[in-house]
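Engineer: This is the content of run_12.cif (mmCIF, C-alpha atoms):
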data_input
#
loop_
_atom_site.label_atom_id
_atom_site.label_comp_id
_atom_site.auth_asym_id
_atom_site.auth_seq_id
_atom_site.Cartn_x
_atom_site.Cartn_y
_atom_site.Cartn_z
CA MET A 1 21.68 -4.47 28.74
CA ILE A 2 21.94 -8.24 29.17
CA ARG A 3 22.00 -8.70 25.39
CA TRP A 4 24.94 -6.32 25.05
CA ILE A 5 26.87 -8.13 27.80
CA ILE A 6 26.30 -11.48 26.09
CA PHE A 7 27.32 -9.96 22.75
CA ILE A 8 30.56 -8.55 24.20
CA ILE A 9 31.46 -11.86 25.85
CA ILE A 10 30.97 -13.74 22.58
CA TYR A 11 32.87 -11.08 20.64
CA VAL A 12 35.82 -11.25 23.05
CA LEU A 13 35.99 -15.05 22.92
CA PHE A 14 36.02 -15.10 19.13
CA THR A 15 38.55 -12.26 18.98
CA ILE A 16 40.92 -14.08 21.35
CA TYR A 17 41.17 -16.95 18.89
CA GLY A 18 41.76 -14.53 16.04
CA PHE A 19 44.53 -12.89 18.03
CA GLN A 20 46.10 -16.27 18.82
CA ALA A 21 46.30 -17.06 15.10
CA ILE A 22 47.93 -13.72 14.33
CA LYS A 23 50.36 -14.09 17.25
CA THR A 24 51.37 -17.59 16.13
CA VAL A 25 51.99 -16.60 12.52
CA THR A 26 54.02 -13.45 13.17
CA LYS A 27 56.18 -12.17 16.01
CA GLN A 28 55.85 -8.55 14.86
CA THR A 29 54.34 -6.87 17.91
CA TRP A 30 53.03 -3.90 15.91
CA ILE A 31 50.79 -6.31 14.00
CA HIS A 32 49.51 -7.70 17.32
CA TYR A 33 48.66 -4.20 18.53
CA LEU A 34 47.08 -3.33 15.19
CA PHE A 35 44.80 -6.37 15.42
CA ILE A 36 43.74 -5.40 18.95
CA ALA A 37 43.16 -1.78 17.88
CA ILE A 38 40.98 -2.87 14.94
CA ALA A 39 39.01 -5.19 17.21
CA LEU A 40 38.34 -2.36 19.68
CA ILE A 41 37.46 0.20 17.00
CA VAL A 42 35.05 -2.18 15.22
CA VAL A 43 33.13 -3.20 18.32
CA GLY A 44 33.30 0.27 19.86
CA ASN A 45 31.85 1.92 16.76
CA PHE A 46 29.14 -0.74 16.48
CA ILE A 47 28.03 -0.29 20.09
CA PHE A 48 28.19 3.51 19.81
CA GLN A 49 26.09 3.65 16.63
CA PHE A 50 23.42 1.30 17.94
CA THR A 51 23.10 2.71 21.47
CA THR A 52 23.38 6.48 21.02
CA SER A 53 21.42 7.11 17.81
CA ALA A 54 18.29 9.20 18.21
CA GLU A 55 16.77 7.29 15.28
CA GLY A 56 16.20 4.15 17.33
CA ARG A 57 15.90 1.09 15.14
CA VAL A 58 16.17 3.03 11.86
CA LEU A 59 19.06 1.54 9.92
CA SER A 60 20.98 4.47 8.44
CA PRO A 61 24.00 4.09 6.09
CA ILE A 62 26.33 4.85 9.03
CA LYS A 63 24.76 2.10 11.11
CA SER A 64 24.89 -0.28 8.15
CA TYR A 65 28.62 0.26 7.78
CA ALA A 66 29.14 -0.23 11.51
CA PHE A 67 27.33 -3.55 11.18
CA GLY A 68 29.16 -4.39 7.95
CA PHE A 69 32.64 -3.94 9.40
CA LEU A 70 31.63 -5.95 12.47
CA LEU A 71 30.46 -8.74 10.16
CA VAL A 72 33.69 -8.61 8.15
CA PHE A 73 35.88 -8.77 11.26
CA MET A 74 33.79 -11.51 12.87
CA SER A 75 33.85 -13.58 9.67
CA LEU A 76 37.61 -13.86 10.11
CA ASN A 77 37.35 -15.00 13.71
CA ILE A 78 34.37 -17.30 13.13
CA VAL A 79 36.35 -19.29 10.57
CA LEU A 80 39.47 -19.35 12.75
CA LEU A 81 37.73 -20.51 15.92
CA PRO A 82 36.73 -24.10 14.96
CA ILE A 83 40.13 -24.77 13.39
CA LEU A 84 42.11 -23.47 16.33
CA LEU A 85 39.69 -24.95 18.84
CA GLY A 86 40.18 -28.32 17.17
CA GLU A 87 43.93 -27.84 17.45
CA ASP A 88 43.51 -26.97 21.14
CA ILE A 89 41.61 -30.18 21.76
CA ILE A 90 44.38 -32.20 20.09
CA ARG A 91 47.04 -30.29 22.06
CA GLY A 92 45.18 -31.00 25.28
CA VAL A 93 44.85 -34.71 24.49
CA LEU A 94 48.56 -34.95 23.63
CA GLY A 95 49.49 -33.14 26.82
CA LEU A 96 47.29 -35.45 28.89
CA TYR A 97 48.73 -38.52 27.15
CA ASP A 98 52.30 -37.41 27.88
CA LYS A 99 51.35 -36.77 31.52
CA LEU A 100 49.85 -40.25 31.94
CA ALA A 101 52.61 -42.00 29.97
CA THR A 102 55.65 -40.28 31.45
CA LYS A 103 54.32 -39.24 34.89
CA GLU A 104 55.92 -35.87 34.28
CA ALA A 105 54.32 -32.45 34.73
CA PHE A 106 51.36 -31.71 32.52
CA TYR A 107 52.53 -29.82 29.41
CA ILE A 108 50.50 -28.62 26.42
CA PRO A 109 52.43 -28.46 23.12
CA SER A 110 52.75 -25.06 21.46
CA ARG A 111 50.51 -24.02 18.61
CA ARG A 112 51.78 -25.09 15.22
CA LYS A 113 52.46 -22.19 12.89
CA PHE A 114 51.33 -23.98 9.74
CA VAL A 115 47.89 -24.69 11.27
CA SER A 116 47.35 -21.00 11.95
CA GLN A 117 48.62 -20.14 8.48
CA ILE A 118 46.14 -22.52 6.88
CA ALA A 119 43.34 -21.21 9.10
CA LEU A 120 44.13 -17.60 8.18
CA GLY A 121 44.26 -18.53 4.51
CA ILE A 122 40.80 -20.07 4.69
CA ALA A 123 39.43 -17.19 6.78
CA ALA A 124 40.74 -14.70 4.24
CA ILE A 125 38.14 -15.91 1.69
CA PRO A 126 34.98 -14.67 3.47
CA PHE A 127 36.91 -11.72 4.91
CA THR A 128 37.98 -10.34 1.52
CA SER A 129 34.68 -11.32 -0.12
CA LEU A 130 32.65 -9.33 2.40
CA LEU A 131 34.97 -6.35 2.02
CA TYR A 132 34.60 -6.54 -1.77
CA GLY A 133 30.84 -6.79 -1.36
CA MET A 134 30.83 -3.53 0.58
CA TYR A 135 33.23 -1.74 -1.74
CA LYS A 136 31.86 -2.78 -5.12
CA GLY A 137 29.43 -5.70 -5.01
CA LYS A 138 26.42 -3.72 -3.78
CA TYR A 139 26.36 -1.68 -7.01
CA ASN A 140 27.34 -4.49 -9.37
CA PHE A 141 24.03 -4.30 -11.26
CA ARG A 142 23.08 -7.17 -13.57
CA VAL A 143 20.36 -7.36 -16.21
CA LEU A 144 18.78 -10.82 -16.26
CA ASN A 145 16.69 -11.76 -19.31
CA TYR A 146 14.01 -14.43 -19.40
CA THR A 147 11.57 -15.57 -22.09
CA LEU A 148 8.34 -17.22 -20.95
CA HIS A 149 5.89 -18.99 -23.26
CA PHE A 150 2.11 -19.10 -22.78
CA GLU A 151 -0.43 -20.77 -25.04
CA ASP A 152 -3.18 -18.36 -23.99
CA LEU A 153 -1.21 -15.12 -24.21
CA PRO A 154 -3.22 -12.56 -26.24
CA GLU A 155 -1.76 -12.27 -29.73
CA ALA A 156 -1.18 -8.54 -29.37
CA PHE A 157 1.18 -9.17 -26.43
CA ASP A 158 3.44 -11.65 -28.23
CA GLY A 159 6.94 -10.29 -27.61
CA TYR A 160 5.77 -7.95 -24.84
CA ARG A 161 8.64 -6.92 -22.57
CA ILE A 162 8.39 -6.35 -18.82
CA THR A 163 11.13 -4.82 -16.70
CA GLN A 164 10.90 -5.65 -13.01
CA ILE A 165 12.82 -3.99 -10.21
CA SER A 166 12.31 -4.64 -6.51
CA ASP A 167 13.58 -3.68 -3.04
CA ILE A 168 15.07 -0.28 -3.76
CA HIS A 169 15.72 0.45 -0.05
CA SER A 170 16.65 4.05 -0.79
CA GLY A 171 17.58 4.72 2.82
CA SER A 172 20.71 2.61 2.36
CA PHE A 173 22.14 4.38 -0.70
CA ASP A 174 25.42 6.29 -0.44
CA ASN A 175 26.50 6.80 -4.06
CA LYS A 176 24.32 8.92 -6.36
CA GLU A 177 26.45 8.25 -9.43
CA LYS A 178 25.95 4.48 -9.13
CA ILE A 179 22.20 4.84 -8.69
CA GLU A 180 21.98 7.18 -11.68
CA TYR A 181 23.83 4.54 -13.70
CA ALA A 182 21.38 1.84 -12.57
CA VAL A 183 18.35 3.97 -13.51
CA ASP A 184 19.88 4.54 -16.96
CA LEU A 185 20.42 0.78 -17.23
CA VAL A 186 16.72 0.19 -16.52
CA ASN A 187 15.71 2.67 -19.21
CA GLU A 188 18.12 1.14 -21.71
CA GLN A 189 16.03 -2.06 -21.68
CA LYS A 190 13.22 -0.13 -23.43
CA SER A 191 10.57 -2.49 -22.09
CA ASP A 192 6.86 -1.94 -22.63
CA VAL A 193 6.03 -1.69 -18.94
CA LEU A 194 7.97 -1.21 -15.70
CA LEU A 195 6.86 -3.04 -12.55
CA PHE A 196 8.26 -2.34 -9.08
CA THR A 197 7.51 -4.97 -6.44
CA GLY A 198 7.92 -3.15 -3.15
CA ASP A 199 10.26 -1.88 -0.43
CA MET A 200 11.00 1.58 -1.76
CA VAL A 201 12.44 2.60 1.62
CA ASN A 202 13.91 1.00 4.71
CA ASN A 203 11.47 2.60 7.12
CA LYS A 204 10.54 6.22 6.43
CA ALA A 205 9.16 8.02 3.39
CA SER A 206 11.72 10.80 3.92
CA GLU A 207 14.48 8.38 2.84
CA MET A 208 13.18 8.61 -0.73
CA VAL A 209 13.08 12.41 -0.92
CA PRO A 210 16.75 12.86 -2.02
CA TRP A 211 16.24 10.27 -4.74
CA LYS A 212 12.97 11.44 -6.27
CA SER A 213 14.61 13.29 -9.15
CA THR A 214 16.64 10.19 -9.97
CA PHE A 215 13.84 7.65 -9.96
CA GLU A 216 11.29 9.86 -11.67
CA ARG A 217 13.49 9.43 -14.78
CA LEU A 218 12.40 5.80 -15.00
CA GLU A 219 10.26 5.33 -18.10
CA ALA A 220 8.17 2.76 -19.95
CA LYS A 221 5.70 3.47 -22.74
CA ASP A 222 2.80 1.58 -21.13
CA GLY A 223 3.42 2.97 -17.66
CA LYS A 224 5.07 2.27 -14.32
CA PHE A 225 3.25 0.28 -11.66
CA SER A 226 4.13 -0.63 -8.08
CA VAL A 227 3.08 -2.38 -4.88
CA LEU A 228 4.12 -2.01 -1.25
CA GLY A 229 6.66 -4.19 0.55
CA ASN A 230 6.90 -4.93 4.24
CA HIS A 231 9.37 -2.10 4.87
CA ASP A 232 7.14 0.52 3.28
CA TYR A 233 4.61 0.49 6.13
CA GLY A 234 7.01 1.85 8.75
CA ASP A 235 6.46 -1.16 11.02
CA TYR A 236 10.09 -1.27 12.13
CA VAL A 237 10.17 2.23 13.63
CA ASP A 238 9.07 3.34 17.10
CA TRP A 239 6.67 6.14 16.14
CA ASP A 240 5.59 8.76 18.66
CA THR A 241 1.94 8.32 17.69
CA PRO A 242 -0.11 6.07 15.36
CA LYS A 243 -1.03 9.23 13.47
CA LYS A 244 2.61 9.89 12.54
CA LYS A 245 3.00 6.32 11.33
CA ALA A 246 -0.13 6.60 9.19
CA GLN A 247 1.07 9.93 7.80
CA ASN A 248 4.41 8.34 6.85
CA LEU A 249 2.61 5.79 4.71
CA GLU A 250 0.51 8.51 3.06
CA ASP A 251 3.70 10.46 2.36
CA LEU A 252 5.25 7.42 0.69
CA LYS A 253 2.15 6.90 -1.45
CA ALA A 254 2.38 10.55 -2.52
CA ILE A 255 6.06 10.19 -3.39
CA GLN A 256 5.35 7.14 -5.53
CA LYS A 257 2.75 9.15 -7.41
CA GLU A 258 5.18 12.04 -7.86
CA ILE A 259 7.78 9.66 -9.26
CA GLY A 260 5.21 8.39 -11.75
CA PHE A 261 4.24 5.03 -10.29
CA ASP A 262 0.65 3.83 -10.29
CA LEU A 263 0.55 2.17 -6.85
CA LEU A 264 -1.78 -0.84 -6.71
CA LEU A 265 -3.27 -1.38 -3.25
CA ASN A 266 -5.17 -4.64 -3.63
CA GLU A 267 -6.26 -3.39 -7.05
CA SER A 268 -6.02 -4.27 -10.72
CA ARG A 269 -5.47 -2.52 -14.03
CA TYR A 270 -5.77 -3.54 -17.66
CA LEU A 271 -2.98 -3.05 -20.18
CA GLU A 272 -4.55 -2.76 -23.63
CA LYS A 273 -3.02 -3.27 -27.04
CA ASN A 274 -4.66 -3.67 -30.46
CA GLY A 275 -8.05 -4.41 -28.95
CA GLU A 276 -6.71 -7.08 -26.57
CA ARG A 277 -5.80 -6.77 -22.94
CA LEU A 278 -3.68 -8.14 -20.14
CA ALA A 279 -4.70 -7.96 -16.47
CA LEU A 280 -2.22 -6.53 -13.97
CA ILE A 281 -3.00 -7.22 -10.30
CA GLY A 282 -1.19 -5.73 -7.32
CA VAL A 283 -1.60 -6.83 -3.71
CA GLU A 284 -0.32 -5.20 -0.57
CA ASN A 285 2.32 -7.09 1.39
CA TRP A 286 1.46 -10.65 2.38
CA GLY A 287 4.15 -12.78 3.97
CA LYS A 288 4.64 -15.77 6.21
CA GLY A 289 6.65 -15.80 9.41
CA GLY A 290 5.31 -12.75 11.20
CA PHE A 291 5.31 -10.39 8.22
CA LYS A 292 2.36 -8.11 7.49
CA LYS A 293 -0.60 -9.75 5.78
CA ALA A 294 -2.35 -6.73 4.29
CA GLY A 295 -2.59 -8.38 0.88
CA ASP A 296 -6.08 -9.38 -0.25
CA LEU A 297 -5.84 -11.45 -3.42
CA ARG A 298 -9.59 -11.83 -3.83
CA LYS A 299 -10.24 -8.10 -3.47
CA ALA A 300 -7.39 -7.27 -5.85
CA SER A 301 -8.85 -9.57 -8.50
CA GLU A 302 -12.54 -8.73 -8.18
CA GLN A 303 -12.56 -6.51 -11.28
CA ILE A 304 -10.93 -9.02 -13.61
CA LYS A 305 -12.28 -12.12 -15.32
CA PRO A 306 -11.11 -15.71 -14.70
CA ASP A 307 -10.06 -16.14 -18.33
CA ASP A 308 -7.96 -12.95 -18.46
CA PHE A 309 -4.21 -13.33 -18.86
CA LYS A 310 -2.95 -12.26 -15.42
CA ILE A 311 0.26 -10.83 -14.05
CA LEU A 312 0.34 -10.53 -10.26
CA MET A 313 2.63 -8.26 -8.28
CA SER A 314 3.17 -9.54 -4.71
CA HIS A 315 6.23 -8.48 -2.74
CA ASP A 316 6.80 -11.62 -0.66
CA PRO A 317 7.25 -14.92 -2.58
CA SER A 318 5.83 -16.94 0.33
CA HIS A 319 2.44 -15.60 -0.81
CA TRP A 320 2.74 -17.59 -4.04
CA ASP A 321 2.88 -21.01 -2.38
CA ALA A 322 0.42 -20.07 0.36
CA GLU A 323 -2.40 -18.54 -1.67
CA VAL A 324 -1.64 -17.84 -5.31
CA VAL A 325 -0.79 -21.16 -6.97
CA ASN A 326 -3.86 -23.01 -5.72
CA ASP A 327 -6.29 -20.15 -6.16
CA ASP A 328 -9.29 -20.68 -8.43
CA TYR A 329 -7.94 -17.97 -10.69
CA HIS A 330 -4.95 -18.91 -12.82
CA TYR A 331 -2.24 -16.29 -12.26
CA HIS A 332 0.06 -16.81 -15.22
CA LEU A 333 2.99 -14.85 -13.86
CA THR A 334 3.73 -13.58 -10.35
CA LEU A 335 6.48 -11.06 -9.69
CA SER A 336 8.05 -10.86 -6.22
CA GLY A 337 11.19 -9.74 -4.41
CA HIS A 338 11.79 -9.45 -0.66
CA THR A 339 14.50 -12.11 -0.18
CA HIS A 340 17.44 -10.12 -1.68
CA GLY A 341 18.93 -13.61 -2.18
CA MET A 342 20.22 -12.76 1.32
CA GLN A 343 22.80 -10.59 -0.55
CA PHE A 344 25.17 -13.51 -0.16
CA GLY A 345 25.57 -16.76 -2.06
CA ILE A 346 27.09 -18.54 -5.03
CA GLU A 347 25.58 -18.53 -8.50
CA ILE A 348 27.19 -20.08 -11.56
CA PRO A 349 24.52 -20.44 -14.28
CA GLY A 350 23.98 -24.07 -15.16
CA TRP A 351 26.15 -25.25 -12.27
CA ILE A 352 25.20 -23.97 -8.87
CA LYS A 353 22.67 -21.65 -7.26
CA TRP A 354 22.95 -21.43 -3.50
CA SER A 355 22.31 -19.01 -0.67
CA PRO A 356 21.48 -19.58 3.01
CA VAL A 357 18.13 -17.90 2.32
CA LYS A 358 17.00 -21.10 0.58
CA TRP A 359 16.43 -22.58 4.05
CA ARG A 360 13.84 -19.86 4.68
CA TYR A 361 12.20 -19.44 1.27
CA LYS A 362 11.36 -22.16 -1.23
CA GLN A 363 11.37 -19.61 -4.04
CA TRP A 364 14.18 -17.15 -3.37
CA ALA A 365 15.74 -16.01 -6.67
CA GLY A 366 14.87 -16.39 -10.33
CA ILE A 367 12.09 -18.20 -12.19
CA TYR A 368 10.04 -21.05 -10.71
CA GLU A 369 7.06 -22.95 -12.18
CA SER A 370 4.14 -24.85 -10.67
CA LEU A 371 0.82 -25.96 -12.17
CA GLY A 372 1.55 -24.02 -15.33
CA GLN A 373 2.10 -20.80 -13.38
CA TYR A 374 5.38 -18.92 -13.03
CA ILE A 375 6.96 -16.72 -10.40
CA ASN A 376 10.05 -14.57 -10.70
CA VAL A 377 11.78 -13.60 -7.46
CA ASN A 378 13.90 -10.54 -8.11
CA ARG A 379 17.17 -10.41 -6.13
CA GLY A 380 16.65 -6.75 -5.35
CA PHE A 381 17.89 -3.39 -6.58
CA GLY A 382 19.27 -2.13 -3.26
CA TYR A 383 20.51 -3.62 -0.03
CA LEU A 384 19.64 -3.65 3.65
CA GLY A 385 21.59 -4.38 6.83
CA TYR A 386 24.94 -5.55 5.52
CA PRO A 387 25.93 -2.73 3.12
CA GLY A 388 27.10 -5.01 0.35
CA ARG A 389 26.51 -8.06 -1.82
CA VAL A 390 28.60 -11.15 -2.37
CA GLY A 391 27.72 -13.48 -5.24
CA ILE A 392 24.08 -12.36 -5.33
CA TRP A 393 24.20 -9.15 -7.33
CA PRO A 394 21.61 -6.34 -7.59
CA GLU A 395 19.15 -7.23 -10.31
CA ILE A 396 17.15 -5.69 -13.13
CA THR A 397 14.84 -8.31 -14.61
CA VAL A 398 13.57 -8.27 -18.18
CA ILE A 399 10.87 -10.82 -19.04
CA GLU A 400 9.65 -11.28 -22.60
CA LEU A 401 6.24 -12.89 -23.05
CA LYS A 402 5.85 -15.20 -26.05
CA LYS A 403 2.70 -16.81 -27.38
CA GLY A 404 2.75 -20.57 -27.93
CA ALA A 405 4.65 -23.51 -26.53
CA LYS A 406 8.34 -23.37 -25.84
CA GLU A 407 10.36 -25.06 -28.56
CA ALA A 408 12.07 -28.27 -27.45
#
Mind turning the file's structure into structure tokens?

Structural biologist:
Amino acid sequence: MIRWIIFIIIYVLFTIYGFQAIKTVTKQTWIHYLFIAIALIVVGNFIFQFTTSAEGRVLSPIKSYAFGFLLVFMSLNIVLLPILLGEDIIRGVLGLYDKLATKEAFYIPSRRKFVSQIALGIAAIPFTSLLYGMYKGKYNFRVLNYTLHFEDLPEAFDGYRITQISDIHSGSFDNKEKIEYAVDLVNEQKSDVLLFTGDMVNNKASEMVPWKSTFERLEAKDGKFSVLGNHDYGDYVDWDTPKKKAQNLEDLKAIQKEIGFDLLLNESRYLEKNGERLALIGVENWGKGGFKKAGDLRKASEQIKPDDFKILMSHDPSHWDAEVVNDDYHYHLTLSGHTHGMQFGIEIPGWIKWSPVKWRYKQWAGIYESLGQYINVNRGFGYLGYPGRVGIWPEITVIELKKGAKEA
């Protein structure tokens, strides 16, 4: 209860500044009332969805939109507040100066219209961007192609193509046509193998049931392989009994099998071609910062040889720095996801690559290299929480393996 009271107080304070900007820019009272109505509807819907739902902490599409519209509205007020607060400080200083200089009654100058206009213009950037992210950005799928060179790649796998997808989060989807399109886009890459690096659902296996027929269409001639992500274990749901939680995980494993994925639970497989082979290792989730550490790299690799060419699937990229890079085994390529690129950032190839998530994860999107080993952090197929994406688009990764050194 205390948290909700604090939230409401903060929301009201921010909204007051937003209202002051609107009131200064226009004298149309219907616009003033419209702003107040929107503010009440947004916060009212958010509180209603998150306090009356029988699903507890499960983040349904309806809840996600309630959160999304709150974020959009607050983004406007958050930008306005420091600008108008700064103006208030200057107005107060000027009023105090006049009082001391003239000995007249204390008087604070009125707000300046052009300051509020500038503030609203600046605030409109995140406001419209977040709305666009909800309307279109979340399904703005991109295919990203990389070519990686390895001296010790088996000759038979020269030119071998891997498609990676990650973080499906099927419980968030609300547009079957867009997801069908994305699945077709994956198949159009015609890669040799398809690797999925975890988080098939938000919380419950049942979220994937309506999408089984869609995702079972995914195809690759050498198979489809997967690992679990932190959301797949059902850790963020208040289960009635431990037995129900355990059954949920078993149900998800069964669904993955029905879809056609070979789920690797701290296990390995060999991909064979023309008498040569490539080792594929999959660990359960292992992450820093309070995330589940079910991944056992040593157990997953016990059936492979040190000199095998190795591809590791590990959902959380923090595992790479913590255990993988400095392991005695040389893991040529690690595939991860988890970060979503925070679903918000700025990326202009060759110019800028930024997201607030970089302050949490050293490797958060794209290809990184250390000690001759590579990791690709997929930006995610789906979305979670905020029902949109801004600047960090949903990703389908295609990696081509080439034998030999990269040409200068």

Engineer: Dump as JSON lines the rows for residues of segment 42-77 of chain A within 8 Å of segment 380-394 of chain A: closest atom pair and distance in Å with one decimal, all atoms listed in the file counted, ordered by chain and rising residue number.

Structural biologist:
{"residue": "A:Leu59", "atom": "CA", "partner": "A:Gly385", "partner_atom": "CA", "distance": 7.1}
{"residue": "A:Pro61", "atom": "CA", "partner": "A:Pro387", "partner_atom": "CA", "distance": 7.7}
{"residue": "A:Ser64", "atom": "CA", "partner": "A:Gly385", "partner_atom": "CA", "distance": 5.4}
{"residue": "A:Tyr65", "atom": "CA", "partner": "A:Pro387", "partner_atom": "CA", "distance": 6.2}
{"residue": "A:Phe67", "atom": "CA", "partner": "A:Tyr386", "partner_atom": "CA", "distance": 6.5}
{"residue": "A:Gly68", "atom": "CA", "partner": "A:Tyr386", "partner_atom": "CA", "distance": 5.0}
{"residue": "A:Leu71", "atom": "CA", "partner": "A:Tyr386", "partner_atom": "CA", "distance": 7.9}

Engineer: Apply the PyMOL selection byres ((chain A and resi 72-81) around 9) to the file shown and report the selected residues as a compact mmCIF listing (two decimals) with C-alpha atoms, in the frame of the given file.

Structural biologist:
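This is the output file selection-v9.txt:
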# COMPACT_ATOMS: atom_id res chain seq x y z
CA TYR A 11 32.87 -11.08 20.64
CA PHE A 14 36.02 -15.10 19.13
CA THR A 15 38.55 -12.26 18.98
CA ILE A 16 40.92 -14.08 21.35
CA TYR A 17 41.17 -16.95 18.89
CA GLY A 18 41.76 -14.53 16.04
CA PHE A 19 44.53 -12.89 18.03
CA ALA A 21 46.30 -17.06 15.10
CA ILE A 38 40.98 -2.87 14.94
CA ALA A 39 39.01 -5.19 17.21
CA VAL A 42 35.05 -2.18 15.22
CA PHE A 67 27.33 -3.55 11.18
CA GLY A 68 29.16 -4.39 7.95
CA PHE A 69 32.64 -3.94 9.40
CA LEU A 70 31.63 -5.95 12.47
CA LEU A 71 30.46 -8.74 10.16
CA PRO A 82 36.73 -24.10 14.96
CA ILE A 83 40.13 -24.77 13.39
CA LEU A 84 42.11 -23.47 16.33
CA LEU A 85 39.69 -24.95 18.84
CA GLY A 86 40.18 -28.32 17.17
CA SER A 116 47.35 -21.00 11.95
CA ALA A 119 43.34 -21.21 9.10
CA LEU A 120 44.13 -17.60 8.18
CA ILE A 122 40.80 -20.07 4.69
CA ALA A 123 39.43 -17.19 6.78
CA ALA A 124 40.74 -14.70 4.24
CA ILE A 125 38.14 -15.91 1.69
CA PRO A 126 34.98 -14.67 3.47
CA PHE A 127 36.91 -11.72 4.91
CA THR A 128 37.98 -10.34 1.52
CA SER A 129 34.68 -11.32 -0.12
CA LEU A 130 32.65 -9.33 2.40
CA LEU A 131 34.97 -6.35 2.02

Engineer: State, in Å with one decimal place, the distance from atom CA of Asn378 of chain A to atom CA of Gly171 of chain A.

Structural biologist: 19.1 Å

Engineer: For atom CA of Gln373 of chain A and atom CA of Val324 of chain A, quote the distance in Å rounded to one decimal.

Structural biologist: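 Answer for the atom CA of Gln373 of chain A to atom CA of Val324 of chain A separation: 9.4 Å.
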
Engineer: Could you state which residues are captured by the PyMOL selection byres ((chain A and resi 248-264) around 9) in this file, as a PDB file with C-alpha atoms, in the frame of the given file?

Structural biologist:
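Written output follows (expr26.pdb):
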ATOM      1  CA  LEU A 195       6.860  -3.040 -12.550  1.00  0.00           C
ATOM      2  CA  PHE A 196       8.260  -2.340  -9.080  1.00  0.00           C
ATOM      3  CA  MET A 200      11.000   1.580  -1.760  1.00  0.00           C
ATOM      4  CA  VAL A 201      12.440   2.600   1.620  1.00  0.00           C
ATOM      5  CA  LYS A 204      10.540   6.220   6.430  1.00  0.00           C
ATOM      6  CA  ALA A 205       9.160   8.020   3.390  1.00  0.00           C
ATOM      7  CA  SER A 206      11.720  10.800   3.920  1.00  0.00           C
ATOM      8  CA  MET A 208      13.180   8.610  -0.730  1.00  0.00           C
ATOM      9  CA  VAL A 209      13.080  12.410  -0.920  1.00  0.00           C
ATOM     10  CA  LYS A 212      12.970  11.440  -6.270  1.00  0.00           C
ATOM     11  CA  SER A 213      14.610  13.290  -9.150  1.00  0.00           C
ATOM     12  CA  THR A 214      16.640  10.190  -9.970  1.00  0.00           C
ATOM     13  CA  PHE A 215      13.840   7.650  -9.960  1.00  0.00           C
ATOM     14  CA  GLU A 216      11.290   9.860 -11.670  1.00  0.00           C
ATOM     15  CA  ARG A 217      13.490   9.430 -14.780  1.00  0.00           C
ATOM     16  CA  LEU A 218      12.400   5.800 -15.000  1.00  0.00           C
ATOM     17  CA  GLU A 219      10.260   5.330 -18.100  1.00  0.00           C
ATOM     18  CA  GLY A 223       3.420   2.970 -17.660  1.00  0.00           C
ATOM     19  CA  LYS A 224       5.070   2.270 -14.320  1.00  0.00           C
ATOM     20  CA  PHE A 225       3.250   0.280 -11.660  1.00  0.00           C
ATOM     21  CA  SER A 226       4.130  -0.630  -8.080  1.00  0.00           C
ATOM     22  CA  VAL A 227       3.080  -2.380  -4.880  1.00  0.00           C
ATOM     23  CA  LEU A 228       4.120  -2.010  -1.250  1.00  0.00           C
ATOM     24  CA  ASP A 232       7.140   0.520   3.280  1.00  0.00           C
ATOM     25  CA  TYR A 233       4.610   0.490   6.130  1.00  0.00           C
ATOM     26  CA  GLY A 234       7.010   1.850   8.750  1.00  0.00           C
ATOM     27  CA  LYS A 243      -1.030   9.230  13.470  1.00  0.00           C
ATOM     28  CA  LYS A 244       2.610   9.890  12.540  1.00  0.00           C
ATOM     29  CA  LYS A 245       3.000   6.320  11.330  1.00  0.00           C
ATOM     30  CA  ALA A 246      -0.130   6.600   9.190  1.00  0.00           C
ATOM     31  CA  GLN A 247       1.070   9.930   7.800  1.00  0.00           C
ATOM     32  CA  LEU A 265      -3.270  -1.380  -3.250  1.00  0.00           C
ATOM     33  CA  ASN A 266      -5.170  -4.640  -3.630  1.00  0.00           C
ATOM     34  CA  GLU A 267      -6.260  -3.390  -7.050  1.00  0.00           C
ATOM     35  CA  SER A 268      -6.020  -4.270 -10.720  1.00  0.00           C
ATOM     36  CA  ARG A 269      -5.470  -2.520 -14.030  1.00  0.00           C
ATOM     37  CA  ILE A 281      -3.000  -7.220 -10.300  1.00  0.00           C
ATOM     38  CA  GLY A 282      -1.190  -5.730  -7.320  1.00  0.00           C
ATOM     39  CA  VAL A 283      -1.600  -6.830  -3.710  1.00  0.00           C
ATOM     40  CA  GLU A 284      -0.320  -5.200  -0.570  1.00  0.00           C
ATOM     41  CA  ALA A 300      -7.390  -7.270  -5.850  1.00  0.00           C
ATOM     42  CA  MET A 313       2.630  -8.260  -8.280  1.00  0.00           C
TER      43      MET A 313
END

Engineer: What does the distance between atom CA of Ile304 of chain A and atom CA of Asp327 of chain A come to in Å, to one decimal place?

Structural biologist: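 About the pair atom CA of Ile304 of chain A and atom CA of Asp327 of chain A: they are 14.2 Å apart.
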
Engineer: Can you give me, as JSON, numbers by chain, the residues this file yields under the PyMOL selection byres ((chain A and resi 357) around 9)?

Structural biologist: {"A": [339, 340, 341, 342, 344, 345, 354, 355, 356, 358, 359, 360, 361, 362, 364]}

Engineer: Got a sec: who's within 7 Å of Arg161 of chain A, counting only C-alpha atoms, leaving out chain neighbours fewer than 5 positions off, as a list in words?

Structural biologist: Ser191, Asp192, Val193, Val398, Ile399, Glu400 and Leu401 of chain A

Engineer: Excluding same-chain residues fewer than 4 positions from segment 1-8 of chain A, what lies within 9 Å of it counting all atoms listed in the file, as a list in words?

Structural biologist: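 Counting all atoms listed in the file, the residues come to Val12, Leu13, Val43 and Ile47 of chain A.
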